Amino acid sequence: MSDDLYNCFGSDDDSDSTVSHTLNNEETSVEASGMGRTTEQSTSQRNSARDKSCGVLAFHQNTEQSLLMHVQNSISTSASKEDETLPCERVLKEIDKFCSQRHWMMCVGPEKGAIIRDTMQKAIGQHMKTSPRQRKTRFVAVELGTYCGYGSIFLSSMLKQQVFQQDHDSLDFHLFTVEINPEFQKVAEKMIELAEVQDLVTVVENYLLMDGSTSDVGELIKASYAERFGNAVNEEIDCIDFLMIDHDKDSYLSDLK
């Protein structure tokens, strides 16, 4: 095995034709509820090209930056006027490809994403039933743990794909996602921009303080909400409609409170 820890990432200067051919042969398209076509692959087949040193629970410096570079290069070379795939779908596909073929990462992924998608659909459906129809219904979602932006893009892509059909035009959806690591935050913001979902997502800063603690998450979200909506409608956030917690496990309970 190579002594170079970064050798397992491959090179974005090289052609991805071999990887694409492998993925195309292994993919099985299935119909997903409310989302059109999605892709499921055998885990063992997907991971066959990934070096063992970059497998599950492997951590290497600059992995997140390498992922961003891969996505940027792949999208810039594969985009065409005939391609009707949404930018958010292309970004998610390239992140999945990187994670399965180059390096494992702490992303939601398509399998867990399907569970989150169904939960989100139910939450929005219930919310729409109990909300007045005279005006657009605001739906506030919060994600704790942005990482590289996969979860944010996945959730907001459901709106871009018009999953909710007739509810889409009457739904004012916005996701506030909180990230503590400034380097991850930079990657996530760029990834969200590439996916073209920045109109639906706000990345909230929450840096570590000198004593190792963080700012109050609730207050940060309130301030971010006020910055985006409050000045225009003279209102404060009194509740959130959907919460996804995917950050430091030791902070789950305290941040939930």
# chains A, B, ... in the order shown; residues from 1 in each chain; ligands from 1

call {"tool": "residues_around", "arguments": {"residues": "Val56 of chain A", "least_positions_apart": "3", "cutoff": "10 Å", "atoms": "only C-alpha atoms", "output": "number ranges by chain"}}
result
A: 47, 52-53, 59, 99, 103-106

call {"tool": "residues_around", "arguments": {"residues": "Gly151 of chain A", "least_positions_apart": "4", "cutoff": "10 Å", "atoms": "only C-alpha atoms", "output": "ChimeraX atom specification"}}
result
/A:92,107-109,113,116,143-147,155-157,177,188,244,246

call {"tool": "closest_residue", "arguments": {"among": "A:Glu189, A:Glu89, A:Glu205, A:Glu94", "to": "Phe154 of chain A", "atoms": "only C-alpha atoms"}}
result
A:Glu89

call {"tool": "residues_around", "arguments": {"residues": "Cys148 of chain A", "least_positions_apart": "6", "cutoff": "10 Å", "atoms": "only C-alpha atoms", "output": "list in words"}}
result
Glu64, Gln65, Leu67, Leu68, Ile95, Met105, Met106, Cys107, Glu179, Glu183, Phe184, Gln185, Lys186, Val187, Ala188, Glu189, Lys190, Met191 and Ile192 of chain A

call {"tool": "write_last_selection", "arguments": {"atoms": "C-alpha atoms", "output": "mmCIF file, in the first residue's frame"}}
result
data_model
loop_
_atom_site.group_PDB
_atom_site.id
_atom_site.type_symbol
_atom_site.label_atom_id
_atom_site.label_comp_id
_atom_site.auth_asym_id
_atom_site.auth_seq_id
_atom_site.Cartn_x
_atom_site.Cartn_y
_atom_site.Cartn_z
ATOM 1 C CA GLU A 64 -13.703 17.718 2.883
ATOM 2 C CA GLN A 65 -11.736 20.054 0.615
ATOM 3 C CA LEU A 67 -14.684 16.349 -1.876
ATOM 4 C CA LEU A 68 -15.493 19.942 -2.826
ATOM 5 C CA ILE A 95 -20.918 13.371 -3.252
ATOM 6 C CA MET A 105 -17.396 10.448 4.931
ATOM 7 C CA MET A 106 -19.933 11.326 7.625
ATOM 8 C CA CYS A 107 -22.684 12.203 5.164
ATOM 9 C CA GLU A 179 -22.137 24.213 11.856
ATOM 10 C CA GLU A 183 -13.655 24.904 7.595
ATOM 11 C CA PHE A 184 -16.654 22.600 7.203
ATOM 12 C CA GLN A 185 -18.884 25.656 7.035
ATOM 13 C CA LYS A 186 -16.915 27.076 4.100
ATOM 14 C CA VAL A 187 -17.175 23.768 2.234
ATOM 15 C CA ALA A 188 -20.909 23.521 2.977
ATOM 16 C CA GLU A 189 -21.649 27.070 1.812
ATOM 17 C CA LYS A 190 -19.852 26.459 -1.478
ATOM 18 C CA MET A 191 -21.565 23.089 -1.914
ATOM 19 C CA ILE A 192 -24.990 24.665 -1.273
#

call {"tool": "atom_distance", "arguments": {"atom1": "atom CA of Thr119 of chain A", "atom2": "atom CA of Phe173 of chain A"}}
result
15.3 Å

call {"tool": "select_by_dssp", "arguments": {"residues": "segment 73-215 of chain A", "states": "strand (DSSP E)", "output": "ChimeraX atom specification"}}
result
/A:137-144,171-179,201-205
